[in-house]
Amino acid sequence: MRMLRGLLATLLLGLALGACGPEPLPATPALWAVRDEAGHEGWLFGTIHSAPAPLDWRSDTIDGALTKAGAIMVEVGNLQDDAAVAATFARLAQGENEPPLSTRVAPDDRPALKALMDKAGYADGQFREVETWAAALTLARNSEDGGDAANGVDRAVLQAAGARPVLELEGAEAQLGIFDTLPEREQRDLLGAVAQEATSPDGADLLKGWRRGDITALEAETRRGLLADPELREALFTARNAAWADKIAKTVREDRRPFVAVGAAHMVGPDGLVALLERAGLTVERLQ
């Protein structure tokens with residue numbers, strides 16, 4: 001659910017920006033340079049979608065890459081248009097005569113689901129007009145432990161784009177559509193995973209790994225929770241990374257110099273963007 005929380009933070013938060021908050025947390029996140037056979041270049045920057053405090057993540061190296069970039073490439077381009085993204089979610093989430101939420105998970109998951117609904121202030125029959133995946137995402141959002149998308153890095157990168165083009169890897173419609181097209185069985189697995197992980201929230205692990213640029217810790221996050229389910233892993237992680245890698249490689253080879261900013265967990269491991277781009281014939285080097 002760590003990555004699921006991040007997705008919800010990316011899509012559904014950010015309505016109260018600009019408030020005073022705690023001192024920024026120092027961070028040294030990972031950044032990679034990408035080059036094709038002709039010397040065309042781009043950059044891979046793993047982001048964190050939410051945090052309990054502002055993040056001091058800028059550095060001379062990151063700023064240098066941002067300055068040289070010809071385009072900014074992100075998961076969702078209209079991330080700062082909260083009303084439009086929320087409307088997309090509401091339209092796709094709509095169900096009809098759905099069964100009580102407790103009957104949509106295995107019996108062993110029902111106590112955890114009830115505890116989560118009680119904590120979030122929802123009743124069992126309150127999701128009659130909401131599809132299972134959307135109920136899972138709603139509850140995941142309500143189970144967050146202090147994270148705030150106002151402190152996430154995605155929006156800051158978009159603000160740094162200036163007049164340069166912003167290229168979408170998915171967009172809100174396609175991103176939420178991945179959940180919407182999951183078979184009901186997998187939607188129920190998703191709901192069960194959300195309920196179980198809410199009993200022991202540990203999203204701070206992802207933030208700690210990101211702040212240190214710790215690739216090993218980040219990869220470990222991609223093999224737990226809902227991403228340990230093979231079907232969910234394929235739909236939410238592996239297949240998305242493969243599609244993104246194709247778009248990134250094409251954009252680099254077109255000499256558009258993309259600064260690619262997506263969730264840090266998508267960068268790492270054998271199914272991550274770094275490995276996929278290397279297999280596509282590009283050179284990827286981590287920058288200090």
# chains A, B, ... in the order shown; residues from 1 in each chain; ligands from 1
call {"tool": "select_by_dssp", "arguments": {"residues": "region 114-184 of chain A", "states": "helix (DSSP H, G or I)", "output": "MDAnalysis selection string"}}
result
chainID A and resid 114:120 124:127 132:142 149:151 153:159 172:180 184
call {"tool": "residues_around", "arguments": {"residues": "Ala30 (chain A)", "least_positions_apart": "2", "cutoff": "12 Å", "atoms": "only C-alpha atoms", "output": "number ranges by chain"}}
result
A: 27-28, 32-33, 43-48, 57-59, 61-62, 209-216, 218, 261-265, 267-268, 274, 285-288
call {"tool": "residues_around", "arguments": {"residues": "region 172-174 of chain A", "least_positions_apart": "4", "cutoff": "10 Å", "atoms": "only C-alpha atoms", "output": "PyMOL selection string"}}
result
chain A and resi 10-11+75-79+84-86+88-89+91-92+168+178-180
call {"tool": "atom_distance", "arguments": {"atom1": "CA of Arg188 (chain A)", "atom2": "CA of Asp108 (chain A)"}}
result
12.8 Å
call {"tool": "closest_residue", "arguments": {"among": "A:Leu25, A:Ala71, A:Val34, A:Val130", "to": "Pro52 (chain A)", "atoms": "only C-alpha atoms"}}
result
A:Leu25
call {"tool": "select_by_dssp", "arguments": {"residues": "region 9-103 of chain A", "states": "strand (DSSP E or B)", "output": "PyMOL selection string"}}
result
chain A and resi 25-26+31-35+41-47+51+55-56+71-74+94
call {"tool": "residues_around", "arguments": {"residues": "Gly192 (chain A)", "least_positions_apart": "2", "cutoff": "12 Å", "atoms": "only C-alpha atoms", "output": "number ranges by chain"}}
result
A: 1, 101-114, 116, 132-133, 135-137, 139-140, 185-190, 194-199, 225-226, 229
call {"tool": "residues_around", "arguments": {"residues": "Arg279 (chain A)", "least_positions_apart": "3", "cutoff": "12 Å", "atoms": "only C-alpha atoms", "output": "list in words"}}
result
Asp36, Ala242, Ala245, Asp246, Ala249, Pro270, Asp271, Gly272, Leu273, Val274, Ala275, Leu276, Leu282, Thr283 and Val284 of chain A
